[in-house]
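Dropping final-v1.tsv in here (TSV, N, CA and C atoms):
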chain	number	residue	atom	x	y	z
S	20	MET	N	38.88	10.27	-64.94
S	20	MET	CA	39.34	9.71	-63.69
S	20	MET	C	38.90	10.64	-62.56
S	21	THR	N	38.24	10.09	-61.53
S	21	THR	CA	37.83	10.89	-60.38
S	21	THR	C	38.72	10.56	-59.20
S	22	THR	N	38.92	11.54	-58.38
S	22	THR	CA	39.71	11.30	-57.17
S	22	THR	C	38.76	11.20	-56.00
S	23	ASP	N	39.12	10.39	-55.04
S	23	ASP	CA	38.30	10.18	-53.85
S	23	ASP	C	38.63	11.28	-52.85
S	24	PRO	N	37.66	12.16	-52.53
S	24	PRO	CA	37.93	13.24	-51.60
S	24	PRO	C	38.00	12.79	-50.15
S	25	THR	N	37.63	11.54	-49.87
S	25	THR	CA	37.65	11.03	-48.52
S	25	THR	C	39.09	10.73	-48.11
S	26	PRO	N	39.53	11.30	-46.97
S	26	PRO	CA	40.91	11.02	-46.54
S	26	PRO	C	41.06	9.56	-46.13
S	27	LYS	N	42.23	9.04	-46.35
S	27	LYS	CA	42.53	7.66	-45.97
S	27	LYS	C	43.47	7.70	-44.77
S	28	PHE	N	43.03	7.09	-43.67
S	28	PHE	CA	43.84	7.03	-42.46
S	28	PHE	C	44.26	5.58	-42.26
S	29	ASP	N	45.54	5.37	-41.94
S	29	ASP	CA	45.97	4.00	-41.69
S	29	ASP	C	45.49	3.55	-40.31
S	30	ALA	N	45.61	2.26	-40.05
S	30	ALA	CA	45.07	1.68	-38.82
S	30	ALA	C	45.68	2.30	-37.57
S	31	ASN	N	46.96	2.61	-37.60
S	31	ASN	CA	47.60	3.23	-36.43
S	31	ASN	C	47.03	4.62	-36.16
S	32	TYR	N	46.80	5.37	-37.23
S	32	TYR	CA	46.26	6.72	-37.06
S	32	TYR	C	44.82	6.66	-36.56
S	33	VAL	N	44.06	5.70	-37.06
S	33	VAL	CA	42.68	5.53	-36.57
S	33	VAL	C	42.69	5.20	-35.08
S	34	ALA	N	43.63	4.35	-34.66
S	34	ALA	CA	43.75	4.01	-33.24
S	34	ALA	C	44.09	5.26	-32.42
S	35	THR	N	44.95	6.10	-32.95
S	35	THR	CA	45.29	7.35	-32.27
S	35	THR	C	44.08	8.27	-32.16
S	36	LEU	N	43.32	8.37	-33.25
S	36	LEU	CA	42.12	9.21	-33.22
S	36	LEU	C	41.11	8.66	-32.21
S	37	ARG	N	41.04	7.36	-32.08
S	37	ARG	CA	40.15	6.75	-31.08
S	37	ARG	C	40.58	7.14	-29.66
S	38	GLN	N	41.90	7.15	-29.43
S	38	GLN	CA	42.41	7.57	-28.13
S	38	GLN	C	42.08	9.03	-27.87
S	39	VAL	N	42.19	9.85	-28.89
S	39	VAL	CA	41.84	11.27	-28.78
S	39	VAL	C	40.37	11.39	-28.38
S	40	LEU	N	39.50	10.61	-29.01
S	40	LEU	CA	38.07	10.64	-28.67
S	40	LEU	C	37.87	10.21	-27.22
S	41	ASP	N	38.51	9.15	-26.79
S	41	ASP	CA	38.36	8.67	-25.42
S	41	ASP	C	38.77	9.73	-24.41
S	42	ILE	N	39.87	10.40	-24.68
S	42	ILE	CA	40.36	11.47	-23.80
S	42	ILE	C	39.36	12.63	-23.77
S	43	ALA	N	38.86	13.00	-24.94
S	43	ALA	CA	37.91	14.12	-25.03
S	43	ALA	C	36.61	13.80	-24.29
S	44	VAL	N	36.12	12.59	-24.45
S	44	VAL	CA	34.86	12.20	-23.79
S	44	VAL	C	34.99	12.31	-22.28
S	45	GLN	N	36.15	11.96	-21.75
S	45	GLN	CA	36.36	12.06	-20.31
S	45	GLN	C	36.32	13.50	-19.80
S	46	GLN	N	36.42	14.45	-20.70
S	46	GLN	CA	36.46	15.86	-20.31
S	46	GLN	C	35.11	16.58	-20.43
S	47	ILE	N	34.08	15.84	-20.82
S	47	ILE	CA	32.75	16.46	-20.87
S	47	ILE	C	31.91	15.89	-19.73
S	48	ALA	N	30.83	16.59	-19.41
S	48	ALA	CA	29.95	16.17	-18.32
S	48	ALA	C	29.39	14.78	-18.58
S	49	VAL	N	29.24	14.00	-17.53
S	49	VAL	CA	28.78	12.63	-17.63
S	49	VAL	C	27.43	12.55	-18.35
S	50	GLN	N	26.54	13.46	-18.07
S	50	GLN	CA	25.21	13.40	-18.69
S	50	GLN	C	25.24	13.61	-20.20
S	51	HIS	N	26.34	14.12	-20.72
S	51	HIS	CA	26.47	14.33	-22.17
S	51	HIS	C	27.21	13.20	-22.87
S	52	ARG	N	27.65	12.21	-22.13
S	52	ARG	CA	28.42	11.10	-22.71
S	52	ARG	C	27.50	10.06	-23.34
S	53	THR	N	26.71	10.50	-24.28
S	53	THR	CA	25.76	9.62	-24.97
S	53	THR	C	26.37	9.17	-26.30
S	54	PRO	N	25.83	8.11	-26.86
S	54	PRO	CA	26.32	7.69	-28.18
S	54	PRO	C	26.24	8.80	-29.23
S	55	ALA	N	25.17	9.59	-29.20
S	55	ALA	CA	25.02	10.67	-30.18
S	55	ALA	C	26.10	11.73	-30.00
S	56	THR	N	26.39	12.08	-28.77
S	56	THR	CA	27.43	13.08	-28.52
S	56	THR	C	28.79	12.54	-28.90
S	57	LYS	N	29.06	11.29	-28.56
S	57	LYS	CA	30.34	10.69	-28.92
S	57	LYS	C	30.50	10.64	-30.44
S	58	ALA	N	29.43	10.33	-31.15
S	58	ALA	CA	29.49	10.30	-32.62
S	58	ALA	C	29.77	11.70	-33.17
S	59	MET	N	29.14	12.70	-32.57
S	59	MET	CA	29.37	14.08	-33.00
S	59	MET	C	30.83	14.48	-32.75
S	60	MET	N	31.36	14.09	-31.61
S	60	MET	CA	32.74	14.39	-31.27
S	60	MET	C	33.70	13.66	-32.21
S	61	ALA	N	33.39	12.40	-32.51
S	61	ALA	CA	34.24	11.62	-33.43
S	61	ALA	C	34.25	12.27	-34.80
S	62	GLU	N	33.10	12.72	-35.26
S	62	GLU	CA	33.03	13.39	-36.56
S	62	GLU	C	33.87	14.66	-36.55
S	63	THR	N	33.82	15.39	-35.46
S	63	THR	CA	34.63	16.61	-35.34
S	63	THR	C	36.11	16.27	-35.45
S	64	ILE	N	36.54	15.24	-34.74
S	64	ILE	CA	37.95	14.82	-34.76
S	64	ILE	C	38.37	14.43	-36.18
S	65	VAL	N	37.57	13.63	-36.84
S	65	VAL	CA	37.92	13.17	-38.20
S	65	VAL	C	37.97	14.35	-39.16
S	66	ARG	N	37.00	15.25	-39.07
S	66	ARG	CA	37.00	16.42	-39.96
S	66	ARG	C	38.24	17.29	-39.73
S	67	GLN	N	38.58	17.50	-38.48
S	67	GLN	CA	39.76	18.32	-38.17
S	67	GLN	C	41.04	17.63	-38.66
S	68	ALA	N	41.13	16.32	-38.43
S	68	ALA	CA	42.31	15.56	-38.87
S	68	ALA	C	42.40	15.58	-40.40
S	69	ALA	N	41.26	15.43	-41.06
S	69	ALA	CA	41.25	15.46	-42.53
S	69	ALA	C	41.65	16.84	-43.05
S	70	GLY	N	41.37	17.86	-42.25
S	70	GLY	CA	41.73	19.22	-42.62
S	70	GLY	C	43.18	19.57	-42.34
S	71	GLY	N	43.92	18.62	-41.77
S	71	GLY	CA	45.35	18.84	-41.57
S	71	GLY	C	45.79	19.03	-40.13
S	72	ILE	N	44.86	19.08	-39.19
S	72	ILE	CA	45.26	19.22	-37.78
S	72	ILE	C	45.77	17.88	-37.29
S	73	THR	N	47.00	17.86	-36.80
S	73	THR	CA	47.59	16.62	-36.33
S	73	THR	C	47.93	16.66	-34.84
S	74	ASP	N	47.86	17.82	-34.23
S	74	ASP	CA	48.18	17.95	-32.81
S	74	ASP	C	47.05	17.34	-31.98
S	75	ALA	N	47.38	16.34	-31.16
S	75	ALA	CA	46.36	15.64	-30.37
S	75	ALA	C	45.65	16.59	-29.42
S	76	HIS	N	46.37	17.53	-28.82
S	76	HIS	CA	45.74	18.47	-27.89
S	76	HIS	C	44.70	19.33	-28.61
S	77	ALA	N	45.03	19.76	-29.81
S	77	ALA	CA	44.09	20.56	-30.59
S	77	ALA	C	42.87	19.74	-30.97
S	78	LEU	N	43.07	18.48	-31.34
S	78	LEU	CA	41.94	17.62	-31.69
S	78	LEU	C	41.04	17.38	-30.48
S	79	VAL	N	41.64	17.15	-29.33
S	79	VAL	CA	40.86	16.98	-28.09
S	79	VAL	C	40.07	18.25	-27.81
S	80	SER	N	40.71	19.39	-27.93
S	80	SER	CA	40.04	20.65	-27.65
S	80	SER	C	38.82	20.86	-28.56
S	81	HIS	N	38.99	20.60	-29.85
S	81	HIS	CA	37.87	20.75	-30.79
S	81	HIS	C	36.74	19.79	-30.43
S	82	ALA	N	37.08	18.56	-30.07
S	82	ALA	CA	36.07	17.57	-29.73
S	82	ALA	C	35.34	17.93	-28.44
S	83	VAL	N	36.07	18.41	-27.44
S	83	VAL	CA	35.44	18.81	-26.19
S	83	VAL	C	34.48	19.97	-26.43
S	84	THR	N	34.90	20.92	-27.23
S	84	THR	CA	34.03	22.04	-27.56
S	84	THR	C	32.75	21.55	-28.24
S	85	ALA	N	32.91	20.62	-29.17
S	85	ALA	CA	31.76	20.08	-29.90
S	85	ALA	C	30.80	19.32	-28.98
S	86	GLY	N	31.34	18.62	-27.99
S	86	GLY	CA	30.50	17.79	-27.12
S	86	GLY	C	30.11	18.39	-25.80
S	87	ALA	N	30.57	19.59	-25.52
S	87	ALA	CA	30.37	20.20	-24.20
S	87	ALA	C	28.90	20.30	-23.80
S	88	ASN	N	28.02	20.53	-24.75
S	88	ASN	CA	26.59	20.68	-24.43
S	88	ASN	C	25.76	19.50	-24.88
S	89	GLY	N	26.42	18.43	-25.25
S	89	GLY	CA	25.73	17.24	-25.71
S	89	GLY	C	25.26	17.39	-27.16
S	90	ALA	N	24.75	16.31	-27.68
S	90	ALA	CA	24.25	16.33	-29.06
S	90	ALA	C	22.87	16.99	-29.08
S	91	PRO	N	22.58	17.70	-30.17
S	91	PRO	CA	21.27	18.35	-30.25
S	91	PRO	C	20.13	17.35	-30.36

As structure tokens, the full file:
Amino acid sequence: MTTDPTPKFDANYVATLRQVLDIAVQQIAVQHRTPATKAMMAETIVRQAAGGITDAHALVSHAVTAGANGAP
């Protein structure tokens, strides 16, 4: 029997993470608000949430840091 290492988030939590992303995107420079940067920020949020971080402010902070210079 194998276990699925992918975290399962319910619909309400996914909606909350989406709000966290929206808030974080508003805090980066307009020129960096590209789909690639947003995807990178979303990945950061999901990874942090999967790692146990539940504080929205901390998730926003991690996402802003990840997106501050845009996607590579």

Note to self: Please identify the alpha helix (DSSP H) residues within chain S (assignment by DSSP from backbone atoms) and present them as a PyMOL selection string.
What the structure shows: chain S and resi 30-44+54-69+75-86

Can I get the selected residues back with N, CA and C atoms, as a CSV table (one decimal), in the frame of the given file?
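Done, and the output landed in again.csv:
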chain,number,residue,atom,x,y,z
S,30,ALA,N,45.6,2.3,-40.0
S,30,ALA,CA,45.1,1.7,-38.8
S,30,ALA,C,45.7,2.3,-37.6
S,31,ASN,N,47.0,2.6,-37.6
S,31,ASN,CA,47.6,3.2,-36.4
S,31,ASN,C,47.0,4.6,-36.2
S,32,TYR,N,46.8,5.4,-37.2
S,32,TYR,CA,46.3,6.7,-37.1
S,32,TYR,C,44.8,6.7,-36.6
S,33,VAL,N,44.1,5.7,-37.1
S,33,VAL,CA,42.7,5.5,-36.6
S,33,VAL,C,42.7,5.2,-35.1
S,34,ALA,N,43.6,4.4,-34.7
S,34,ALA,CA,43.8,4.0,-33.2
S,34,ALA,C,44.1,5.3,-32.4
S,35,THR,N,45.0,6.1,-33.0
S,35,THR,CA,45.3,7.4,-32.3
S,35,THR,C,44.1,8.3,-32.2
S,36,LEU,N,43.3,8.4,-33.2
S,36,LEU,CA,42.1,9.2,-33.2
S,36,LEU,C,41.1,8.7,-32.2
S,37,ARG,N,41.0,7.4,-32.1
S,37,ARG,CA,40.2,6.8,-31.1
S,37,ARG,C,40.6,7.1,-29.7
S,38,GLN,N,41.9,7.2,-29.4
S,38,GLN,CA,42.4,7.6,-28.1
S,38,GLN,C,42.1,9.0,-27.9
S,39,VAL,N,42.2,9.8,-28.9
S,39,VAL,CA,41.8,11.3,-28.8
S,39,VAL,C,40.4,11.4,-28.4
S,40,LEU,N,39.5,10.6,-29.0
S,40,LEU,CA,38.1,10.6,-28.7
S,40,LEU,C,37.9,10.2,-27.2
S,41,ASP,N,38.5,9.2,-26.8
S,41,ASP,CA,38.4,8.7,-25.4
S,41,ASP,C,38.8,9.7,-24.4
S,42,ILE,N,39.9,10.4,-24.7
S,42,ILE,CA,40.4,11.5,-23.8
S,42,ILE,C,39.4,12.6,-23.8
S,43,ALA,N,38.9,13.0,-24.9
S,43,ALA,CA,37.9,14.1,-25.0
S,43,ALA,C,36.6,13.8,-24.3
S,44,VAL,N,36.1,12.6,-24.4
S,44,VAL,CA,34.9,12.2,-23.8
S,44,VAL,C,35.0,12.3,-22.3
S,54,PRO,N,25.8,8.1,-26.9
S,54,PRO,CA,26.3,7.7,-28.2
S,54,PRO,C,26.2,8.8,-29.2
S,55,ALA,N,25.2,9.6,-29.2
S,55,ALA,CA,25.0,10.7,-30.2
S,55,ALA,C,26.1,11.7,-30.0
S,56,THR,N,26.4,12.1,-28.8
S,56,THR,CA,27.4,13.1,-28.5
S,56,THR,C,28.8,12.5,-28.9
S,57,LYS,N,29.1,11.3,-28.6
S,57,LYS,CA,30.3,10.7,-28.9
S,57,LYS,C,30.5,10.6,-30.4
S,58,ALA,N,29.4,10.3,-31.2
S,58,ALA,CA,29.5,10.3,-32.6
S,58,ALA,C,29.8,11.7,-33.2
S,59,MET,N,29.1,12.7,-32.6
S,59,MET,CA,29.4,14.1,-33.0
S,59,MET,C,30.8,14.5,-32.8
S,60,MET,N,31.4,14.1,-31.6
S,60,MET,CA,32.7,14.4,-31.3
S,60,MET,C,33.7,13.7,-32.2
S,61,ALA,N,33.4,12.4,-32.5
S,61,ALA,CA,34.2,11.6,-33.4
S,61,ALA,C,34.2,12.3,-34.8
S,62,GLU,N,33.1,12.7,-35.3
S,62,GLU,CA,33.0,13.4,-36.6
S,62,GLU,C,33.9,14.7,-36.6
S,63,THR,N,33.8,15.4,-35.5
S,63,THR,CA,34.6,16.6,-35.3
S,63,THR,C,36.1,16.3,-35.4
S,64,ILE,N,36.5,15.2,-34.7
S,64,ILE,CA,38.0,14.8,-34.8
S,64,ILE,C,38.4,14.4,-36.2
S,65,VAL,N,37.6,13.6,-36.8
S,65,VAL,CA,37.9,13.2,-38.2
S,65,VAL,C,38.0,14.4,-39.2
S,66,ARG,N,37.0,15.2,-39.1
S,66,ARG,CA,37.0,16.4,-40.0
S,66,ARG,C,38.2,17.3,-39.7
S,67,GLN,N,38.6,17.5,-38.5
S,67,GLN,CA,39.8,18.3,-38.2
S,67,GLN,C,41.0,17.6,-38.7
S,68,ALA,N,41.1,16.3,-38.4
S,68,ALA,CA,42.3,15.6,-38.9
S,68,ALA,C,42.4,15.6,-40.4
S,69,ALA,N,41.3,15.4,-41.1
S,69,ALA,CA,41.2,15.5,-42.5
S,69,ALA,C,41.6,16.8,-43.0
S,75,ALA,N,47.4,16.3,-31.2
S,75,ALA,CA,46.4,15.6,-30.4
S,75,ALA,C,45.6,16.6,-29.4
S,76,HIS,N,46.4,17.5,-28.8
S,76,HIS,CA,45.7,18.5,-27.9
S,76,HIS,C,44.7,19.3,-28.6
S,77,ALA,N,45.0,19.8,-29.8
S,77,ALA,CA,44.1,20.6,-30.6
S,77,ALA,C,42.9,19.7,-31.0
S,78,LEU,N,43.1,18.5,-31.3
S,78,LEU,CA,41.9,17.6,-31.7
S,78,LEU,C,41.0,17.4,-30.5
S,79,VAL,N,41.6,17.2,-29.3
S,79,VAL,CA,40.9,17.0,-28.1
S,79,VAL,C,40.1,18.2,-27.8
S,80,SER,N,40.7,19.4,-27.9
S,80,SER,CA,40.0,20.6,-27.6
S,80,SER,C,38.8,20.9,-28.6
S,81,HIS,N,39.0,20.6,-29.8
S,81,HIS,CA,37.9,20.8,-30.8
S,81,HIS,C,36.7,19.8,-30.4
S,82,ALA,N,37.1,18.6,-30.1
S,82,ALA,CA,36.1,17.6,-29.7
S,82,ALA,C,35.3,17.9,-28.4
S,83,VAL,N,36.1,18.4,-27.4
S,83,VAL,CA,35.4,18.8,-26.2
S,83,VAL,C,34.5,20.0,-26.4
S,84,THR,N,34.9,20.9,-27.2
S,84,THR,CA,34.0,22.0,-27.6
S,84,THR,C,32.8,21.6,-28.2
S,85,ALA,N,32.9,20.6,-29.2
S,85,ALA,CA,31.8,20.1,-29.9
S,85,ALA,C,30.8,19.3,-29.0
S,86,GLY,N,31.3,18.6,-28.0
S,86,GLY,CA,30.5,17.8,-27.1
S,86,GLY,C,30.1,18.4,-25.8

Do you know which residues are at most 9 Å from Thr63 (chain S) counting only C-alpha atoms, after dropping those on the same chain fewer than 6 positions away, and could you put them as a PDB file with N, CA and C atoms, in the coordinates of the input?
ATOM      1  N   LEU S  78      43.070  18.480 -31.340  1.00  0.00           N
ATOM      2  CA  LEU S  78      41.940  17.620 -31.690  1.00  0.00           C
ATOM      3  C   LEU S  78      41.040  17.380 -30.480  1.00  0.00           C
ATOM      4  N   HIS S  81      38.990  20.600 -29.850  1.00  0.00           N
ATOM      5  CA  HIS S  81      37.870  20.750 -30.790  1.00  0.00           C
ATOM      6  C   HIS S  81      36.740  19.790 -30.430  1.00  0.00           C
ATOM      7  N   ALA S  82      37.080  18.560 -30.070  1.00  0.00           N
ATOM      8  CA  ALA S  82      36.070  17.570 -29.730  1.00  0.00           C
ATOM      9  C   ALA S  82      35.340  17.930 -28.440  1.00  0.00           C
ATOM     10  N   ALA S  85      32.910  20.620 -29.170  1.00  0.00           N
ATOM     11  CA  ALA S  85      31.760  20.080 -29.900  1.00  0.00           C
ATOM     12  C   ALA S  85      30.800  19.320 -28.980  1.00  0.00           C
TER      13      ALA S  85
END

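Relative to CA of Ala90 (chain S), CA of Gln50 (chain S) is found at 10.8 Å.
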
Next item on the list: For each of S:Val39, S:Ala34, S:Val44, S:Ala55, take the minimum atom-to-atom distance to Gln67 (chain S), counting only C-alpha atoms, then give the residue where this is smallest.
Entry: S:Val39

Next item on the list: Find the distance between atom N of Gly70 (chain S) and CA of Val49 (chain S) and write it in Å to one decimal.
Entry: 28.1 Å

Notebook entry, point to check: So which one's closest to Thr53 (chain S), S:Ser80, S:Asn88, S:Asn31, S:Gln38? Using only C-alpha atoms, please.
Noted result: S:Asn88

Next item on the list: Work out how far apart CA of Thr84 (chain S) and CA of Val33 (chain S) are and give it in Å to one decimal.
Entry: 20.7 Å

Next item on the list: Can you pull out every residue within 6 Å of His51 (chain S), counting all atoms listed in the file, but drop anything in the same chain fewer than 4 positions away, and send it as a ChimeraX atom specification?
Entry: /S:47,56,88-89
